[in-house]
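Novice: Have a peek at work.cif (mmCIF, C-alpha atoms, pLDDT in the B column; chains and numbers go by the auth columns).
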data_start
#
loop_
_atom_site.group_PDB
_atom_site.id
_atom_site.type_symbol
_atom_site.label_atom_id
_atom_site.label_comp_id
_atom_site.label_asym_id
_atom_site.label_seq_id
_atom_site.Cartn_x
_atom_site.Cartn_y
_atom_site.Cartn_z
_atom_site.B_iso_or_equiv
_atom_site.auth_seq_id
_atom_site.auth_asym_id
ATOM 1 C CA MET A 1 127.472 35.356 111.706 53.00 1 A
ATOM 2 C CA ALA A 2 129.961 38.093 111.030 60.00 2 A
ATOM 3 C CA GLU A 3 128.533 41.451 110.041 72.00 3 A
ATOM 4 C CA SER A 4 129.696 42.779 106.711 88.00 4 A
ATOM 5 C CA ALA A 5 130.783 46.416 106.375 83.00 5 A
ATOM 6 C CA ASP A 6 127.677 47.092 104.266 87.00 6 A
ATOM 7 C CA ASP A 7 125.418 45.681 106.981 92.00 7 A
ATOM 8 C CA ARG A 8 127.160 47.807 109.563 94.00 8 A
ATOM 9 C CA LEU A 9 126.641 50.946 107.503 95.00 9 A
ATOM 10 C CA ARG A 10 122.999 50.077 106.856 96.00 10 A
ATOM 11 C CA LEU A 11 122.353 49.416 110.538 96.00 11 A
ATOM 12 C CA LEU A 12 123.921 52.735 111.537 97.00 12 A
ATOM 13 C CA ILE A 13 121.841 54.613 108.944 97.00 13 A
ATOM 14 C CA GLU A 14 118.670 52.823 110.085 98.00 14 A
ATOM 15 C CA ARG A 15 119.350 53.699 113.721 98.00 15 A
ATOM 16 C CA ILE A 16 119.732 57.344 112.721 98.00 16 A
ATOM 17 C CA GLU A 17 116.514 57.189 110.698 98.00 17 A
ATOM 18 C CA ARG A 18 114.586 55.705 113.625 98.00 18 A
ATOM 19 C CA LEU A 19 115.899 58.417 115.940 98.00 19 A
ATOM 20 C CA GLU A 20 115.077 61.134 113.391 98.00 20 A
ATOM 21 C CA GLU A 21 111.522 59.769 113.255 98.00 21 A
ATOM 22 C CA GLU A 22 111.231 59.864 117.052 98.00 22 A
ATOM 23 C CA LYS A 23 112.527 63.425 116.994 98.00 23 A
ATOM 24 C CA LYS A 24 109.970 64.344 114.344 98.00 24 A
ATOM 25 C CA GLY A 25 107.249 62.806 116.537 98.00 25 A
ATOM 26 C CA ILE A 26 108.288 64.954 119.474 98.00 26 A
ATOM 27 C CA SER A 27 108.429 68.076 117.282 98.00 27 A
ATOM 28 C CA ASP A 28 104.846 67.285 116.271 98.00 28 A
ATOM 29 C CA ASP A 29 103.866 66.859 119.931 98.00 29 A
ATOM 30 C CA ILE A 30 105.378 70.271 120.677 98.00 30 A
ATOM 31 C CA LYS A 31 103.380 71.799 117.811 98.00 31 A
ATOM 32 C CA ASP A 32 100.259 70.157 119.248 98.00 32 A
ATOM 33 C CA VAL A 33 100.852 71.774 122.648 98.00 33 A
ATOM 34 C CA TYR A 34 101.286 75.190 121.038 98.00 34 A
ATOM 35 C CA ASN A 35 98.076 74.641 119.051 98.00 35 A
ATOM 36 C CA GLU A 36 96.260 73.605 122.205 97.00 36 A
ATOM 37 C CA ALA A 37 97.567 76.749 123.898 97.00 37 A
ATOM 38 C CA LYS A 38 96.398 78.874 120.959 97.00 38 A
ATOM 39 C CA ALA A 39 92.965 77.243 121.144 97.00 39 A
ATOM 40 C CA THR A 40 92.842 78.219 124.839 94.00 40 A
ATOM 41 C CA GLY A 41 93.589 81.818 123.886 95.00 41 A
ATOM 42 C CA TYR A 42 97.343 82.046 124.520 97.00 42 A
ATOM 43 C CA ASP A 43 99.736 83.720 122.097 97.00 43 A
ATOM 44 C CA ALA A 44 102.019 80.937 120.813 97.00 44 A
ATOM 45 C CA LYS A 45 104.719 83.369 119.659 97.00 45 A
ATOM 46 C CA VAL A 46 104.945 84.885 123.126 97.00 46 A
ATOM 47 C CA MET A 47 105.066 81.381 124.634 97.00 47 A
ATOM 48 C CA ARG A 48 108.061 80.583 122.415 97.00 48 A
ATOM 49 C CA ILE A 49 109.769 83.745 123.689 96.00 49 A
ATOM 50 C CA ILE A 50 109.021 82.674 127.279 97.00 50 A
ATOM 51 C CA VAL A 51 110.396 79.157 126.707 97.00 51 A
ATOM 52 C CA ARG A 52 113.577 80.741 125.322 96.00 52 A
ATOM 53 C CA LEU A 53 113.867 83.175 128.263 96.00 53 A
ATOM 54 C CA ARG A 54 113.286 80.443 130.891 96.00 54 A
ATOM 55 C CA LYS A 55 116.115 78.427 129.334 96.00 55 A
ATOM 56 C CA MET A 56 118.604 81.225 130.044 97.00 56 A
ATOM 57 C CA LYS A 57 120.430 81.797 133.332 97.00 57 A
ATOM 58 C CA PRO A 58 118.630 84.667 135.134 97.00 58 A
ATOM 59 C CA ASP A 59 121.784 86.829 135.071 97.00 59 A
ATOM 60 C CA ASP A 60 122.285 86.242 131.345 97.00 60 A
ATOM 61 C CA ARG A 61 118.619 86.923 130.697 97.00 61 A
ATOM 62 C CA ARG A 62 118.658 90.209 132.636 97.00 62 A
ATOM 63 C CA GLU A 63 121.851 91.305 130.934 97.00 63 A
ATOM 64 C CA GLN A 64 120.424 90.492 127.512 96.00 64 A
ATOM 65 C CA GLU A 65 117.183 92.345 128.300 95.00 65 A
ATOM 66 C CA CYS A 66 119.302 95.328 129.320 97.00 66 A
ATOM 67 C CA VAL A 67 121.268 95.280 126.055 97.00 67 A
ATOM 68 C CA VAL A 68 118.021 94.915 124.092 96.00 68 A
ATOM 69 C CA GLU A 69 116.731 98.060 125.854 96.00 69 A
ATOM 70 C CA THR A 70 119.922 99.938 124.990 96.00 70 A
ATOM 71 C CA TYR A 71 119.711 98.952 121.314 97.00 71 A
ATOM 72 C CA LYS A 72 115.996 99.790 121.205 96.00 72 A
ATOM 73 C CA ASN A 73 116.714 103.258 122.577 96.00 73 A
ATOM 74 C CA ALA A 74 119.584 103.737 120.149 96.00 74 A
ATOM 75 C CA LEU A 75 117.236 102.927 117.275 96.00 75 A
ATOM 76 C CA GLY A 76 114.270 104.893 118.547 96.00 76 A
ATOM 77 C CA LEU A 77 112.029 101.853 119.206 95.00 77 A
ATOM 78 C CA ASP A 78 109.819 102.709 122.156 83.00 78 A
ATOM 79 C CA MET B 1 90.077 72.378 142.454 53.00 1 B
ATOM 80 C CA ALA B 2 89.660 74.710 139.512 60.00 2 B
ATOM 81 C CA GLU B 3 92.780 75.502 137.567 72.00 3 B
ATOM 82 C CA SER B 4 93.670 79.167 137.375 87.00 4 B
ATOM 83 C CA ALA B 5 94.731 80.701 134.060 83.00 5 B
ATOM 84 C CA ASP B 6 98.264 81.078 135.420 87.00 6 B
ATOM 85 C CA ASP B 7 98.429 77.387 136.312 92.00 7 B
ATOM 86 C CA ARG B 8 97.188 76.498 132.867 94.00 8 B
ATOM 87 C CA LEU B 9 99.863 78.611 131.213 95.00 9 B
ATOM 88 C CA ARG B 10 102.571 77.197 133.482 96.00 10 B
ATOM 89 C CA LEU B 11 101.487 73.618 132.768 96.00 11 B
ATOM 90 C CA LEU B 12 101.531 74.221 129.016 97.00 12 B
ATOM 91 C CA ILE B 13 105.010 75.782 129.200 97.00 13 B
ATOM 92 C CA GLU B 14 106.262 72.896 131.354 98.00 14 B
ATOM 93 C CA ARG B 15 104.891 70.330 128.899 98.00 15 B
ATOM 94 C CA ILE B 16 106.739 72.105 126.090 98.00 16 B
ATOM 95 C CA GLU B 17 109.926 72.201 128.159 98.00 17 B
ATOM 96 C CA ARG B 18 109.731 68.468 128.897 98.00 18 B
ATOM 97 C CA LEU B 19 109.214 67.712 125.193 98.00 19 B
ATOM 98 C CA GLU B 20 112.091 70.013 124.235 98.00 20 B
ATOM 99 C CA GLU B 21 114.301 68.108 126.678 98.00 21 B
ATOM 100 C CA GLU B 22 113.269 64.764 125.174 98.00 22 B
ATOM 101 C CA LYS B 23 113.995 66.174 121.723 98.00 23 B
ATOM 102 C CA LYS B 24 117.416 67.334 122.904 98.00 24 B
ATOM 103 C CA GLY B 25 118.070 63.832 124.271 98.00 25 B
ATOM 104 C CA ILE B 26 117.272 62.279 120.900 98.00 26 B
ATOM 105 C CA SER B 27 119.459 64.825 119.106 98.00 27 B
ATOM 106 C CA ASP B 28 122.284 63.767 121.423 98.00 28 B
ATOM 107 C CA ASP B 29 121.582 60.097 120.650 98.00 29 B
ATOM 108 C CA ILE B 30 121.787 60.893 116.934 98.00 30 B
ATOM 109 C CA LYS B 31 125.129 62.640 117.494 98.00 31 B
ATOM 110 C CA ASP B 32 126.316 59.545 119.385 98.00 32 B
ATOM 111 C CA VAL B 33 125.464 57.286 116.435 98.00 33 B
ATOM 112 C CA TYR B 34 127.359 59.574 114.044 98.00 34 B
ATOM 113 C CA ASN B 35 130.337 59.554 116.416 98.00 35 B
ATOM 114 C CA GLU B 36 130.174 55.777 116.656 97.00 36 B
ATOM 115 C CA ALA B 37 130.107 55.629 112.842 97.00 37 B
ATOM 116 C CA LYS B 38 133.094 57.969 112.651 97.00 38 B
ATOM 117 C CA ALA B 39 134.977 55.785 115.137 97.00 39 B
ATOM 118 C CA THR B 40 134.282 52.801 112.846 93.00 40 B
ATOM 119 C CA GLY B 41 135.776 54.726 109.926 95.00 41 B
ATOM 120 C CA TYR B 42 132.663 56.062 108.187 97.00 42 B
ATOM 121 C CA ASP B 43 132.418 59.649 106.933 97.00 43 B
ATOM 122 C CA ALA B 44 129.675 61.299 109.013 97.00 44 B
ATOM 123 C CA LYS B 45 129.103 64.105 106.491 97.00 45 B
ATOM 124 C CA VAL B 46 128.465 61.577 103.723 97.00 46 B
ATOM 125 C CA MET B 47 126.132 59.650 106.043 97.00 47 B
ATOM 126 C CA ARG B 48 124.097 62.840 106.586 97.00 48 B
ATOM 127 C CA ILE B 49 123.860 63.248 102.805 96.00 49 B
ATOM 128 C CA ILE B 50 122.687 59.616 102.496 97.00 50 B
ATOM 129 C CA VAL B 51 120.052 60.057 105.230 97.00 51 B
ATOM 130 C CA ARG B 52 118.765 63.127 103.373 96.00 52 B
ATOM 131 C CA LEU B 53 118.717 61.283 100.007 96.00 53 B
ATOM 132 C CA ARG B 54 116.933 58.218 101.455 96.00 54 B
ATOM 133 C CA LYS B 55 114.215 60.495 102.822 96.00 55 B
ATOM 134 C CA MET B 56 113.360 61.714 99.310 97.00 56 B
ATOM 135 C CA LYS B 57 111.059 59.934 96.845 97.00 57 B
ATOM 136 C CA PRO B 58 113.295 58.133 94.281 97.00 58 B
ATOM 137 C CA ASP B 59 111.864 60.210 91.415 97.00 59 B
ATOM 138 C CA ASP B 60 112.431 63.477 93.283 97.00 60 B
ATOM 139 C CA ARG B 61 115.927 62.378 94.223 97.00 61 B
ATOM 140 C CA ARG B 62 116.853 61.486 90.649 97.00 62 B
ATOM 141 C CA GLU B 63 115.395 64.721 89.350 97.00 63 B
ATOM 142 C CA GLN B 64 117.305 66.740 91.939 96.00 64 B
ATOM 143 C CA GLU B 65 120.539 64.900 91.152 95.00 65 B
ATOM 144 C CA CYS B 66 119.973 65.732 87.499 97.00 66 B
ATOM 145 C CA VAL B 67 119.481 69.442 88.235 97.00 67 B
ATOM 146 C CA VAL B 68 122.569 69.424 90.477 96.00 68 B
ATOM 147 C CA GLU B 69 124.566 68.010 87.526 96.00 69 B
ATOM 148 C CA THR B 70 123.208 70.722 85.224 96.00 70 B
ATOM 149 C CA TYR B 71 124.135 73.505 87.663 97.00 71 B
ATOM 150 C CA LYS B 72 127.567 71.957 88.270 96.00 72 B
ATOM 151 C CA ASN B 73 128.229 71.926 84.523 96.00 73 B
ATOM 152 C CA ALA B 74 126.984 75.501 84.184 96.00 74 B
ATOM 153 C CA LEU B 75 129.451 76.573 86.878 97.00 75 B
ATOM 154 C CA GLY B 76 132.347 74.481 85.665 96.00 76 B
ATOM 155 C CA LEU B 77 132.440 72.139 88.710 95.00 77 B
ATOM 156 C CA ASP B 78 133.618 68.775 87.478 83.00 78 B
#
Translate the structure described by the file into C-alpha coordinates.
Specialist:
Amino acid sequence: MAESADDRLRLLIERIERLEEEKKGISDDIKDVYNEAKATGYDAKVMRIIVRLRKMKPDDRREQECVVETYKNALGLD
Amino acid sequence: MAESADDRLRLLIERIERLEEEKKGISDDIKDVYNEAKATGYDAKVMRIIVRLRKMKPDDRREQECVVETYKNALGLD
(Lines of atoms letter the chains of each structure in order from A and count residues from 1; the text may use other names and numbers.)
(Lines give C-alpha, C1' and ligand atoms only; values in the text may rest on other atoms or scores of the structure.)
Protein backbone atom coordinates (compact mmCIF):
# COMPACT_ATOMS: atom_id res chain seq x y z
CA MET A 1 0.00 0.00 0.00
CA ALA A 2 1.36 3.37 -0.95
CA GLU A 3 2.03 5.78 1.89
CA SER A 4 0.20 9.06 1.68
CA ALA A 5 2.04 12.33 2.35
CA ASP A 6 0.05 12.73 5.58
CA ASP A 7 1.12 9.28 6.77
CA ARG A 8 4.71 10.09 5.97
CA LEU A 9 4.55 13.30 7.98
CA ARG A 10 2.85 11.55 10.90
CA LEU A 11 5.43 8.76 10.91
CA LEU A 12 8.31 11.25 10.91
CA ILE A 13 6.74 13.21 13.79
CA GLU A 14 6.13 9.98 15.75
CA ARG A 15 9.73 8.88 15.26
CA ILE A 16 10.90 12.23 16.62
CA GLU A 17 8.51 11.93 19.57
CA ARG A 18 9.78 8.45 20.42
CA LEU A 19 13.38 9.66 20.28
CA GLU A 20 12.54 12.71 22.41
CA GLU A 21 11.02 10.35 24.98
CA GLU A 22 14.16 8.19 25.01
CA LYS A 23 16.23 11.33 25.44
CA LYS A 24 14.02 12.43 28.33
CA GLY A 25 14.50 8.99 29.91
CA ILE A 26 18.27 9.34 29.72
CA SER A 27 18.12 12.88 31.15
CA ASP A 28 16.17 11.41 34.07
CA ASP A 29 18.79 8.67 34.49
CA ILE A 30 21.49 11.34 34.60
CA LYS A 31 19.53 13.23 37.27
CA ASP A 32 19.25 9.97 39.22
CA VAL A 33 23.04 9.50 39.16
CA TYR A 34 23.58 13.04 40.41
CA ASN A 35 21.03 12.44 43.18
CA GLU A 36 22.74 9.20 44.11
CA ALA A 37 26.05 11.07 44.22
CA LYS A 38 24.50 13.77 46.42
CA ALA A 39 23.13 11.09 48.75
CA THR A 40 26.68 9.69 49.02
CA GLY A 41 27.93 13.14 50.03
CA TYR A 42 29.30 14.48 46.73
CA ASP A 43 28.64 18.01 45.51
CA ALA A 44 26.56 17.63 42.33
CA LYS A 45 27.41 21.14 41.09
CA VAL A 46 31.12 20.40 41.31
CA MET A 47 30.55 17.07 39.53
CA ARG A 48 28.87 18.95 36.66
CA ILE A 49 31.92 21.22 36.45
CA ILE A 50 34.19 18.15 36.38
CA VAL A 51 32.13 16.48 33.63
CA ARG A 52 32.44 19.69 31.60
CA LEU A 53 36.21 19.94 32.21
CA ARG A 54 36.84 16.26 31.32
CA LYS A 55 35.04 16.81 28.01
CA MET A 56 37.58 19.46 26.98
CA LYS A 57 40.96 18.79 25.37
CA PRO A 58 43.61 19.14 28.12
CA ASP A 59 45.30 22.02 26.27
CA ASP A 60 42.01 23.87 25.83
CA ARG A 61 41.12 23.24 29.46
CA ARG A 62 44.46 24.56 30.74
CA GLU A 63 44.24 27.60 28.50
CA GLN A 64 40.71 28.33 29.67
CA GLU A 65 41.70 27.92 33.33
CA CYS A 66 44.53 30.37 32.69
CA VAL A 67 42.18 32.95 31.15
CA VAL A 68 39.73 32.46 34.03
CA GLU A 69 42.59 33.23 36.45
CA THR A 70 43.49 36.37 34.50
CA TYR A 71 39.88 37.62 34.52
CA LYS A 72 39.51 36.77 38.21
CA ASN A 73 42.61 38.82 39.02
CA ALA A 74 41.41 41.68 36.85
CA LEU A 75 38.15 41.74 38.79
CA GLY A 76 39.66 41.25 42.22
CA LEU A 77 38.17 37.77 42.82
CA ASP A 78 40.63 35.85 44.96
CA MET B 1 37.66 -5.46 47.60
CA ALA B 2 36.37 -2.30 49.23
CA GLU B 3 35.78 0.63 46.94
CA SER B 4 37.72 3.75 47.79
CA ALA B 5 35.99 7.14 47.77
CA ASP B 6 38.00 8.09 44.68
CA ASP B 7 36.83 4.99 42.83
CA ARG B 8 33.27 5.75 43.79
CA LEU B 9 33.53 9.29 42.46
CA ARG B 10 35.19 8.11 39.25
CA LEU B 11 32.51 5.47 38.68
CA LEU B 12 29.73 8.01 39.18
CA ILE B 13 31.38 10.45 36.76
CA GLU B 14 31.89 7.67 34.20
CA ARG B 15 28.24 6.62 34.46
CA ILE B 16 27.20 10.22 33.81
CA GLU B 17 29.59 10.43 30.85
CA ARG B 18 28.20 7.24 29.31
CA LEU B 19 24.63 8.54 29.71
CA GLU B 20 25.61 11.91 28.23
CA GLU B 21 27.06 10.07 25.23
CA GLU B 22 23.85 8.06 24.78
CA LYS B 23 21.88 11.30 25.01
CA LYS B 24 24.13 12.87 22.38
CA GLY B 25 23.55 9.84 20.14
CA ILE B 26 19.79 10.26 20.41
CA SER B 27 20.06 14.00 19.72
CA ASP B 28 21.98 13.09 16.56
CA ASP B 29 19.27 10.57 15.61
CA ILE B 30 16.65 13.30 16.05
CA LYS B 31 18.68 15.61 13.81
CA ASP B 32 18.85 12.80 11.23
CA VAL B 33 15.06 12.46 11.20
CA TYR B 34 14.65 16.21 10.70
CA ASN B 35 17.18 16.09 7.86
CA GLU B 36 15.36 13.16 6.31
CA ALA B 37 12.11 15.14 6.58
CA LYS B 38 13.76 18.16 4.97
CA ALA B 39 15.04 15.96 2.14
CA THR B 40 11.44 14.79 1.60
CA GLY B 41 10.32 18.41 1.34
CA TYR B 42 8.98 19.08 4.83
CA ASP B 43 9.78 22.28 6.74
CA ALA B 44 11.84 21.20 9.77
CA LYS B 45 11.11 24.41 11.71
CA VAL B 46 7.37 23.85 11.36
CA MET B 47 7.82 20.22 12.42
CA ARG B 48 9.55 21.40 15.61
CA ILE B 49 6.59 23.70 16.28
CA ILE B 50 4.20 20.76 15.74
CA VAL B 51 6.18 18.49 18.09
CA ARG B 52 6.01 21.22 20.73
CA LEU B 53 2.24 21.74 20.20
CA ARG B 54 1.48 17.99 20.33
CA LYS B 55 3.28 17.77 23.67
CA MET B 56 0.85 20.26 25.23
CA LYS B 57 -2.58 19.40 26.67
CA PRO B 58 -5.21 20.43 24.06
CA ASP B 59 -6.77 22.95 26.47
CA ASP B 60 -3.40 24.51 27.28
CA ARG B 61 -2.52 24.61 23.60
CA ARG B 62 -5.77 26.33 22.64
CA GLU B 63 -5.42 28.80 25.48
CA GLN B 64 -1.85 29.60 24.48
CA GLU B 65 -2.84 30.02 20.83
CA CYS B 66 -5.54 32.42 21.98
CA VAL B 67 -3.07 34.51 24.01
CA VAL B 68 -0.62 34.50 21.08
CA GLU B 69 -3.42 35.93 18.89
CA THR B 70 -4.17 38.62 21.47
CA TYR B 71 -0.51 39.66 21.71
CA LYS B 72 -0.15 39.60 17.91
CA ASN B 73 -3.14 41.93 17.58
CA ALA B 74 -1.78 44.20 20.30
CA LEU B 75 1.49 44.49 18.38
CA GLY B 76 -0.05 44.82 14.96
CA LEU B 77 1.26 41.47 13.61
CA ASP B 78 -1.30 40.19 11.15
Novice: Run the PyMOL selection byres ((chain A) within 10 of (chain B)) on the file and write out the hits as a count of residues only.
Specialist: 37
Novice: Please compute the CA of Arg61 (chain B)-CA of Ile49 (chain B) distance, one decimal, in Å.
Specialist: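 Taking CA of Arg61 (chain B) as the start and CA of Ile49 (chain B) as the end point, the length is 11.7 Å.
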Novice: Quick one: axis-aligned box around all listed atoms of region 51-70 of chain A, 6 Å on every side, centre and edge lengths in Å to one decimal, written as AutoDock Vina command-line options.
Specialist:
--center_x 116.3 --center_y 89.2 --center_z 129.6 --size_x 23.9 --size_y 33.5 --size_z 23.0
Novice: Calculate how many Å separate CA of Arg62 (chain B) from CA of Ala74 (chain B), rounding to one decimal.
Specialist: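 These atoms are spaced 18.5 Å apart.
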Novice: Quick one: distance from CA of Arg10 (chain A) to CA of Val46 (chain B) in Å, one decimal?
Specialist: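 Separation between CA of Arg10 (chain A) and CA of Val46 (chain B): 13.1 Å.
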Novice: Take region 29-56 of chain A, model N, CA and C atoms, and hand the result over as a PDB file, in the frame of the given file.
Specialist:
ATOM      1  N   ASP A  29     104.514  66.719 118.625  1.00 98.00           N
ATOM      2  CA  ASP A  29     103.866  66.859 119.931  1.00 98.00           C
ATOM      3  C   ASP A  29     103.987  68.298 120.429  1.00 98.00           C
ATOM      4  N   ILE A  30     105.168  68.889 120.227  1.00 98.00           N
ATOM      5  CA  ILE A  30     105.378  70.271 120.677  1.00 98.00           C
ATOM      6  C   ILE A  30     104.430  71.202 119.921  1.00 98.00           C
ATOM      7  N   LYS A  31     104.321  70.989 118.612  1.00 98.00           N
ATOM      8  CA  LYS A  31     103.380  71.799 117.811  1.00 98.00           C
ATOM      9  C   LYS A  31     101.955  71.652 118.351  1.00 98.00           C
ATOM     10  N   ASP A  32     101.604  70.390 118.713  1.00 98.00           N
ATOM     11  CA  ASP A  32     100.259  70.157 119.248  1.00 98.00           C
ATOM     12  C   ASP A  32     100.025  70.965 120.518  1.00 98.00           C
ATOM     13  N   VAL A  33     101.025  71.021 121.395  1.00 98.00           N
ATOM     14  CA  VAL A  33     100.852  71.774 122.648  1.00 98.00           C
ATOM     15  C   VAL A  33     100.666  73.257 122.335  1.00 98.00           C
ATOM     16  N   TYR A  34     101.457  73.779 121.401  1.00 98.00           N
ATOM     17  CA  TYR A  34     101.286  75.190 121.038  1.00 98.00           C
ATOM     18  C   TYR A  34      99.891  75.427 120.452  1.00 98.00           C
ATOM     19  N   ASN A  35      99.416  74.479 119.622  1.00 98.00           N
ATOM     20  CA  ASN A  35      98.076  74.641 119.051  1.00 98.00           C
ATOM     21  C   ASN A  35      97.003  74.593 120.124  1.00 98.00           C
ATOM     22  N   GLU A  36      97.195  73.689 121.081  1.00 97.00           N
ATOM     23  CA  GLU A  36      96.260  73.605 122.205  1.00 97.00           C
ATOM     24  C   GLU A  36      96.250  74.925 122.972  1.00 97.00           C
ATOM     25  N   ALA A  37      97.455  75.478 123.180  1.00 97.00           N
ATOM     26  CA  ALA A  37      97.567  76.749 123.898  1.00 97.00           C
ATOM     27  C   ALA A  37      96.853  77.856 123.117  1.00 97.00           C
ATOM     28  N   LYS A  38      97.063  77.875 121.807  1.00 97.00           N
ATOM     29  CA  LYS A  38      96.398  78.874 120.959  1.00 97.00           C
ATOM     30  C   LYS A  38      94.884  78.746 121.079  1.00 97.00           C
ATOM     31  N   ALA A  39      94.408  77.482 121.055  1.00 97.00           N
ATOM     32  CA  ALA A  39      92.965  77.243 121.144  1.00 97.00           C
ATOM     33  C   ALA A  39      92.416  77.730 122.479  1.00 97.00           C
ATOM     34  N   THR A  40      93.256  77.738 123.520  1.00 94.00           N
ATOM     35  CA  THR A  40      92.842  78.219 124.839  1.00 94.00           C
ATOM     36  C   THR A  40      92.929  79.739 124.913  1.00 94.00           C
ATOM     37  N   GLY A  41      93.533  80.364 123.904  1.00 95.00           N
ATOM     38  CA  GLY A  41      93.589  81.818 123.886  1.00 95.00           C
ATOM     39  C   GLY A  41      94.971  82.398 124.136  1.00 95.00           C
ATOM     40  N   TYR A  42      95.993  81.530 124.290  1.00 97.00           N
ATOM     41  CA  TYR A  42      97.343  82.046 124.520  1.00 97.00           C
ATOM     42  C   TYR A  42      98.023  82.374 123.203  1.00 97.00           C
ATOM     43  N   ASP A  43      98.965  83.296 123.273  1.00 97.00           N
ATOM     44  CA  ASP A  43      99.736  83.720 122.097  1.00 97.00           C
ATOM     45  C   ASP A  43     100.957  82.813 121.976  1.00 97.00           C
ATOM     46  N   ALA A  44     100.970  81.949 120.942  1.00 97.00           N
ATOM     47  CA  ALA A  44     102.019  80.937 120.813  1.00 97.00           C
ATOM     48  C   ALA A  44     103.397  81.569 120.605  1.00 97.00           C
ATOM     49  N   LYS A  45     103.440  82.693 119.891  1.00 97.00           N
ATOM     50  CA  LYS A  45     104.719  83.369 119.659  1.00 97.00           C
ATOM     51  C   LYS A  45     105.320  83.848 120.977  1.00 97.00           C
ATOM     52  N   VAL A  46     104.462  84.414 121.816  1.00 97.00           N
ATOM     53  CA  VAL A  46     104.945  84.885 123.126  1.00 97.00           C
ATOM     54  C   VAL A  46     105.393  83.688 123.966  1.00 97.00           C
ATOM     55  N   MET A  47     104.665  82.579 123.884  1.00 97.00           N
ATOM     56  CA  MET A  47     105.066  81.381 124.634  1.00 97.00           C
ATOM     57  C   MET A  47     106.448  80.901 124.201  1.00 97.00           C
ATOM     58  N   ARG A  48     106.732  80.982 122.894  1.00 97.00           N
ATOM     59  CA  ARG A  48     108.061  80.583 122.415  1.00 97.00           C
ATOM     60  C   ARG A  48     109.145  81.495 122.985  1.00 97.00           C
ATOM     61  N   ILE A  49     108.817  82.797 123.089  1.00 96.00           N
ATOM     62  CA  ILE A  49     109.769  83.745 123.689  1.00 96.00           C
ATOM     63  C   ILE A  49     110.007  83.363 125.153  1.00 96.00           C
ATOM     64  N   ILE A  50     108.913  83.028 125.855  1.00 97.00           N
ATOM     65  CA  ILE A  50     109.021  82.674 127.279  1.00 97.00           C
ATOM     66  C   ILE A  50     109.862  81.410 127.463  1.00 97.00           C
ATOM     67  N   VAL A  51     109.623  80.411 126.616  1.00 97.00           N
ATOM     68  CA  VAL A  51     110.396  79.157 126.707  1.00 97.00           C
ATOM     69  C   VAL A  51     111.886  79.470 126.536  1.00 97.00           C
ATOM     70  N   ARG A  52     112.184  80.357 125.567  1.00 96.00           N
ATOM     71  CA  ARG A  52     113.577  80.741 125.322  1.00 96.00           C
ATOM     72  C   ARG A  52     114.154  81.477 126.535  1.00 96.00           C
ATOM     73  N   LEU A  53     113.372  82.394 127.116  1.00 96.00           N
ATOM     74  CA  LEU A  53     113.867  83.175 128.263  1.00 96.00           C
ATOM     75  C   LEU A  53     114.069  82.292 129.484  1.00 96.00           C
ATOM     76  N   ARG A  54     113.168  81.317 129.721  1.00 96.00           N
ATOM     77  CA  ARG A  54     113.286  80.443 130.891  1.00 96.00           C
ATOM     78  C   ARG A  54     114.492  79.522 130.777  1.00 96.00           C
ATOM     79  N   LYS A  55     114.959  79.300 129.532  1.00 96.00           N
ATOM     80  CA  LYS A  55     116.115  78.427 129.334  1.00 96.00           C
ATOM     81  C   LYS A  55     117.417  79.130 129.725  1.00 96.00           C
ATOM     82  N   MET A  56     117.385  80.466 129.753  1.00 97.00           N
ATOM     83  CA  MET A  56     118.604  81.225 130.044  1.00 97.00           C
ATOM     84  C   MET A  56     118.843  81.327 131.547  1.00 97.00           C
TER      85      MET A  56
END
